[in-house]
Amino acid sequence: MMTEHHRYLIFLGCAIPYRVSSYEISARKVLQALNVELVEMPEFNCCGLPMDPVDHKMMLVMAARNLAQGEEQNLSILTLCPGCSGTLRKVSKTLKEDKALREEVNSCLKDSGLEFNGKIEVKHLIQALVEDLGLEKIKSAVIRPLTTLKVAEHNGCHVLRPREFSGFDDPEDPKLLKNLVEALGAECLDYMDEAECCGAPSIGVNDKICLQLARDKLNHVSAVHAQALITVCPFCHMMYDTNQMRIEKTFDEKYGIPVLHYPQLLGLAMGLPPADLALNELRVNCSKVLNNILNEDCLNG
Amino acid sequence: MDQSGQKATNNSRIDSKFKYVISNIHGGEKLLNCFQCGTCTSDCPIARFSDTYRPRQIIRMAQIGLRNRVLSLDALWLCASCFTCTDHCPQDVEVANVIRVLRNLAAQEGYIPNVFKELGSSILETGYAYRIPELRIKRREALGLPPLPRGNPENLGRILQNVHFKKLIEKRGQQ
């Protein structure tokens with residue numbers, strides 16, 4: 001089973017290379033260890049999502065250009081960012097169903113010698129892990145079960161909604177990421193408003209409101225005494241990790257909740273060296289979690 | 001105040017065809033289905049912390065035809081696009097998409113918050129939504145990451161030559 005080989009075209013998006021390399025580093029390491037091959041995009045542009053509010057057509061053309069680039073490689077696209085996968089999936093479905101719109105968008109792409117034909121599939125990391133590799137394969141890769149760890153998960157909106165386009169998990173009661181966390185032996189805690197937005201998309205318009213949203217989440221997560229929060233989105237991670245001290249300062253709170261990318265947790269359970277998983281790049285110190293996980297190893301060593 | 005109530009019903013401020021403009025744009029089709037139950041507002045995480053952002057109210061303003069008032073609202077830009085309203089609407093109104101349609105129309109009138117201008121010009125100049133510092137791109141090698149695929153802004157600019165935002169940015173540049 002471990003010999004089964006998967007290949008994807010990796011679509012990084014902009015936020016990860018800009019601010020969240022720890023997510024990319026850890027994801028590449030665990031996927032390699034799981035025998036998943038990542039092929040680089042020949043070139044890419046922003047998925048289009050940030051421009052949807054001001055110019056829907058600009059978003060469509062940008063997404064279609066990426067999809068058309070991908071089609072030439074004959075592989076499914078894998079993204080780490082839910083914003084990217086959500087946008088590319090949505091545009092792919094819309095253009096497949098709406099011939100007139102497809103022709104309009106394709107006439108824009110003509111200049112670059114590209115054409116969208118609707119032949120490409122787009123998956124977010126957690127969808128690929130569950131649907132293509134399977135929970136059993138993840139479980140069998142665990143050599144250091146995280147049985148002493150209690151964590152909370154946060155999916156990120158565009159993994160879940162709108163229901164019409166995500167379709168692989170229940171947006172009201174999401175299970176995929178929970179199952180992925182529990183496959184590692186950790187306990188994944190229920191908490192209030194689990195599926196609620198982190199606030200990141202409105203940063204720059206009204207920071208205070210966004211920080212209040214993130215503060216709410218951190219309150220709910222600390223109310224159930226989670227030892228860490230697990231995310232699968234660069235934007236959510238920035239809200240909870242990068243901005244955690246800012247939230248503490250703004251609202252006079254104290255959290256100290258480590259926020260790990262799921263691949264970091266997966267890597268630790270798979271026995272990868274912590275130094276390979278870019279844990280030192282996290283803003284909130286995670287040494288407590290790490291000690292908890294490695295404790296047994298240290299005693300044995 | 002009573003005055004604002006009067007303003008809302010002042011015929012000269014009402015564009016009675018506005019709702020049809022919206023329902024003819026992709027995403028705005030179901031605007032007329034809304035019967036003002038308020039599920040969108042009560043489930044909206046932003047509305048919980050904002051004194052001004054009320055999706056139900058925005059939808060109603062669009063239905064009535066308060067075109068200028070709704071397009072010039074600062075609160076229009078607070079939506080975080082979490083799509084909770086869309087998923088929960090009992091009338092199948094794609095609330096978040098109606099708000100996107102309104103924002104697009106507002107942008108055409110020149111109402112664009114700075115953060116979107118910055119994202120947009122970075123995309124046109126680099127292909128990426130953020131200006132990724134050269135140092136970060138170079139650091140990838142030291143981190144054991146493959147080179148970042150190029151953004152090809154020249155080609156992107158060519159295929160975007162007819163989209164509204166690009167023209168808007170260019171017009172601004174010429175002024």
# chains A, B, ... in the order shown; residues from 1 in each chain; ligands from 1
call {"tool": "interface_residues", "arguments": {"of": "chain A", "to": "chain B", "cutoff": "6 Å", "atoms": "only C-alpha atoms", "output": "JSON, numbers by chain"}}
result
{"A": [14, 18, 43, 44, 45, 46, 53, 54, 55, 58, 108, 109, 157, 161, 162, 201, 202, 204, 209]}
call {"tool": "select_by_dssp", "arguments": {"residues": "chain B", "states": "helix (DSSP H, G or I)", "output": "MDAnalysis selection string"}}
result
chainID B and resid 2:9 11:13 18:23 31:33 39:43 45:49 55:64 67:71 74:78 84:88 95:108 114:126 134:142 153:159 164:174
call {"tool": "decode", "arguments": {"residues": "segment 12-53 of chain B", "atoms": "N, CA and C atoms", "output": "PDB file, in the first residue's frame"}}
result
ATOM      1  N   SER B  12     -36.911  60.544  -6.136  1.00  0.00           N
ATOM      2  CA  SER B  12     -35.795  60.977  -6.971  1.00  0.00           C
ATOM      3  C   SER B  12     -34.529  60.176  -6.666  1.00  0.00           C
ATOM      4  N   ARG B  13     -34.516  59.559  -5.500  1.00  0.00           N
ATOM      5  CA  ARG B  13     -33.327  58.785  -5.135  1.00  0.00           C
ATOM      6  C   ARG B  13     -33.488  57.309  -5.463  1.00  0.00           C
ATOM      7  N   ILE B  14     -34.590  56.956  -6.039  1.00  0.00           N
ATOM      8  CA  ILE B  14     -34.850  55.539  -6.287  1.00  0.00           C
ATOM      9  C   ILE B  14     -34.672  55.180  -7.760  1.00  0.00           C
ATOM     10  N   ASP B  15     -33.896  54.119  -7.965  1.00  0.00           N
ATOM     11  CA  ASP B  15     -33.710  53.612  -9.325  1.00  0.00           C
ATOM     12  C   ASP B  15     -34.492  52.300  -9.389  1.00  0.00           C
ATOM     13  N   SER B  16     -35.715  52.393  -9.910  1.00  0.00           N
ATOM     14  CA  SER B  16     -36.623  51.246  -9.821  1.00  0.00           C
ATOM     15  C   SER B  16     -36.160  50.052 -10.660  1.00  0.00           C
ATOM     16  N   LYS B  17     -35.245  50.290 -11.578  1.00  0.00           N
ATOM     17  CA  LYS B  17     -34.753  49.164 -12.402  1.00  0.00           C
ATOM     18  C   LYS B  17     -33.478  48.535 -11.860  1.00  0.00           C
ATOM     19  N   PHE B  18     -32.956  49.092 -10.766  1.00  0.00           N
ATOM     20  CA  PHE B  18     -31.670  48.627 -10.229  1.00  0.00           C
ATOM     21  C   PHE B  18     -31.684  47.135  -9.920  1.00  0.00           C
ATOM     22  N   LYS B  19     -32.817  46.671  -9.352  1.00  0.00           N
ATOM     23  CA  LYS B  19     -32.905  45.248  -8.979  1.00  0.00           C
ATOM     24  C   LYS B  19     -32.773  44.335 -10.206  1.00  0.00           C
ATOM     25  N   TYR B  20     -33.229  44.835 -11.356  1.00  0.00           N
ATOM     26  CA  TYR B  20     -33.109  44.016 -12.569  1.00  0.00           C
ATOM     27  C   TYR B  20     -31.677  44.037 -13.101  1.00  0.00           C
ATOM     28  N   VAL B  21     -31.011  45.164 -12.918  1.00  0.00           N
ATOM     29  CA  VAL B  21     -29.581  45.230 -13.290  1.00  0.00           C
ATOM     30  C   VAL B  21     -28.832  44.143 -12.521  1.00  0.00           C
ATOM     31  N   ILE B  22     -29.103  44.084 -11.214  1.00  0.00           N
ATOM     32  CA  ILE B  22     -28.401  43.106 -10.368  1.00  0.00           C
ATOM     33  C   ILE B  22     -28.789  41.679 -10.736  1.00  0.00           C
ATOM     34  N   SER B  23     -30.108  41.457 -10.920  1.00  0.00           N
ATOM     35  CA  SER B  23     -30.512  40.059 -11.170  1.00  0.00           C
ATOM     36  C   SER B  23     -30.124  39.580 -12.561  1.00  0.00           C
ATOM     37  N   ASN B  24     -29.600  40.489 -13.382  1.00  0.00           N
ATOM     38  CA  ASN B  24     -29.073  40.058 -14.686  1.00  0.00           C
ATOM     39  C   ASN B  24     -27.579  39.785 -14.662  1.00  0.00           C
ATOM     40  N   ILE B  25     -26.964  39.993 -13.502  1.00  0.00           N
ATOM     41  CA  ILE B  25     -25.523  39.739 -13.395  1.00  0.00           C
ATOM     42  C   ILE B  25     -25.314  38.406 -12.676  1.00  0.00           C
ATOM     43  N   HIS B  26     -24.355  37.630 -13.156  1.00  0.00           N
ATOM     44  CA  HIS B  26     -24.039  36.323 -12.598  1.00  0.00           C
ATOM     45  C   HIS B  26     -23.825  36.414 -11.083  1.00  0.00           C
ATOM     46  N   GLY B  27     -24.621  35.673 -10.318  1.00  0.00           N
ATOM     47  CA  GLY B  27     -24.528  35.702  -8.856  1.00  0.00           C
ATOM     48  C   GLY B  27     -25.653  36.502  -8.218  1.00  0.00           C
ATOM     49  N   GLY B  28     -26.242  37.426  -9.003  1.00  0.00           N
ATOM     50  CA  GLY B  28     -27.300  38.278  -8.441  1.00  0.00           C
ATOM     51  C   GLY B  28     -28.696  37.819  -8.823  1.00  0.00           C
ATOM     52  N   GLU B  29     -28.779  36.704  -9.550  1.00  0.00           N
ATOM     53  CA  GLU B  29     -30.034  36.262 -10.155  1.00  0.00           C
ATOM     54  C   GLU B  29     -31.204  36.158  -9.173  1.00  0.00           C
ATOM     55  N   LYS B  30     -30.907  35.736  -7.939  1.00  0.00           N
ATOM     56  CA  LYS B  30     -32.015  35.430  -7.027  1.00  0.00           C
ATOM     57  C   LYS B  30     -32.327  36.557  -6.052  1.00  0.00           C
ATOM     58  N   LEU B  31     -31.842  37.762  -6.336  1.00  0.00           N
ATOM     59  CA  LEU B  31     -32.075  38.904  -5.445  1.00  0.00           C
ATOM     60  C   LEU B  31     -33.546  39.050  -5.064  1.00  0.00           C
ATOM     61  N   LEU B  32     -34.439  38.851  -6.050  1.00  0.00           N
ATOM     62  CA  LEU B  32     -35.860  39.104  -5.801  1.00  0.00           C
ATOM     63  C   LEU B  32     -36.500  38.051  -4.908  1.00  0.00           C
ATOM     64  N   ASN B  33     -35.812  36.910  -4.710  1.00  0.00           N
ATOM     65  CA  ASN B  33     -36.356  35.865  -3.831  1.00  0.00           C
ATOM     66  C   ASN B  33     -36.362  36.282  -2.363  1.00  0.00           C
ATOM     67  N   CYS B  34     -35.545  37.260  -2.018  1.00  0.00           N
ATOM     68  CA  CYS B  34     -35.365  37.603  -0.602  1.00  0.00           C
ATOM     69  C   CYS B  34     -36.655  38.158  -0.011  1.00  0.00           C
ATOM     70  N   PHE B  35     -37.113  37.540   1.104  1.00  0.00           N
ATOM     71  CA  PHE B  35     -38.292  38.068   1.792  1.00  0.00           C
ATOM     72  C   PHE B  35     -37.927  38.644   3.153  1.00  0.00           C
ATOM     73  N   GLN B  36     -36.651  38.997   3.306  1.00  0.00           N
ATOM     74  CA  GLN B  36     -36.212  39.771   4.470  1.00  0.00           C
ATOM     75  C   GLN B  36     -36.352  39.035   5.806  1.00  0.00           C
ATOM     76  N   CYS B  37     -36.068  37.749   5.824  1.00  0.00           N
ATOM     77  CA  CYS B  37     -36.201  37.014   7.085  1.00  0.00           C
ATOM     78  C   CYS B  37     -35.086  37.375   8.066  1.00  0.00           C
ATOM     79  N   GLY B  38     -33.915  37.785   7.516  1.00  0.00           N
ATOM     80  CA  GLY B  38     -32.827  38.196   8.390  1.00  0.00           C
ATOM     81  C   GLY B  38     -31.885  37.080   8.816  1.00  0.00           C
ATOM     82  N   THR B  39     -32.045  35.899   8.232  1.00  0.00           N
ATOM     83  CA  THR B  39     -31.126  34.807   8.573  1.00  0.00           C
ATOM     84  C   THR B  39     -29.680  35.212   8.264  1.00  0.00           C
ATOM     85  N   CYS B  40     -29.484  35.887   7.132  1.00  0.00           N
ATOM     86  CA  CYS B  40     -28.125  36.282   6.731  1.00  0.00           C
ATOM     87  C   CYS B  40     -27.469  37.139   7.800  1.00  0.00           C
ATOM     88  N   THR B  41     -28.199  38.135   8.281  1.00  0.00           N
ATOM     89  CA  THR B  41     -27.615  39.033   9.283  1.00  0.00           C
ATOM     90  C   THR B  41     -27.384  38.307  10.605  1.00  0.00           C
ATOM     91  N   SER B  42     -28.345  37.495  11.009  1.00  0.00           N
ATOM     92  CA  SER B  42     -28.178  36.864  12.323  1.00  0.00           C
ATOM     93  C   SER B  42     -27.076  35.806  12.318  1.00  0.00           C
ATOM     94  N   ASP B  43     -26.757  35.238  11.155  1.00  0.00           N
ATOM     95  CA  ASP B  43     -25.686  34.237  11.100  1.00  0.00           C
ATOM     96  C   ASP B  43     -24.349  34.828  10.679  1.00  0.00           C
ATOM     97  N   CYS B  44     -24.306  36.132  10.410  1.00  0.00           N
ATOM     98  CA  CYS B  44     -23.085  36.743   9.871  1.00  0.00           C
ATOM     99  C   CYS B  44     -22.068  37.034  10.976  1.00  0.00           C
ATOM    100  N   PRO B  45     -20.857  36.459  10.873  1.00  0.00           N
ATOM    101  CA  PRO B  45     -19.860  36.705  11.922  1.00  0.00           C
ATOM    102  C   PRO B  45     -19.381  38.158  11.951  1.00  0.00           C
ATOM    103  N   ILE B  46     -19.403  38.828  10.807  1.00  0.00           N
ATOM    104  CA  ILE B  46     -18.959  40.230  10.780  1.00  0.00           C
ATOM    105  C   ILE B  46     -20.022  41.117  11.443  1.00  0.00           C
ATOM    106  N   ALA B  47     -21.295  40.846  11.135  1.00  0.00           N
ATOM    107  CA  ALA B  47     -22.379  41.660  11.701  1.00  0.00           C
ATOM    108  C   ALA B  47     -22.367  41.621  13.228  1.00  0.00           C
ATOM    109  N   ARG B  48     -21.873  40.511  13.762  1.00  0.00           N
ATOM    110  CA  ARG B  48     -21.815  40.364  15.213  1.00  0.00           C
ATOM    111  C   ARG B  48     -20.938  41.448  15.851  1.00  0.00           C
ATOM    112  N   PHE B  49     -19.905  41.874  15.118  1.00  0.00           N
ATOM    113  CA  PHE B  49     -18.974  42.844  15.691  1.00  0.00           C
ATOM    114  C   PHE B  49     -19.047  44.226  15.043  1.00  0.00           C
ATOM    115  N   SER B  50     -19.848  44.337  13.976  1.00  0.00           N
ATOM    116  CA  SER B  50     -19.933  45.624  13.296  1.00  0.00           C
ATOM    117  C   SER B  50     -21.255  46.305  13.630  1.00  0.00           C
ATOM    118  N   ASP B  51     -21.218  47.640  13.772  1.00  0.00           N
ATOM    119  CA  ASP B  51     -22.456  48.383  14.002  1.00  0.00           C
ATOM    120  C   ASP B  51     -23.136  48.737  12.692  1.00  0.00           C
ATOM    121  N   THR B  52     -22.426  48.557  11.583  1.00  0.00           N
ATOM    122  CA  THR B  52     -22.962  49.052  10.311  1.00  0.00           C
ATOM    123  C   THR B  52     -23.227  47.969   9.269  1.00  0.00           C
ATOM    124  N   TYR B  53     -22.561  46.843   9.354  1.00  0.00           N
ATOM    125  CA  TYR B  53     -22.724  45.829   8.308  1.00  0.00           C
ATOM    126  C   TYR B  53     -23.917  44.918   8.594  1.00  0.00           C
TER     127      TYR B  53
END
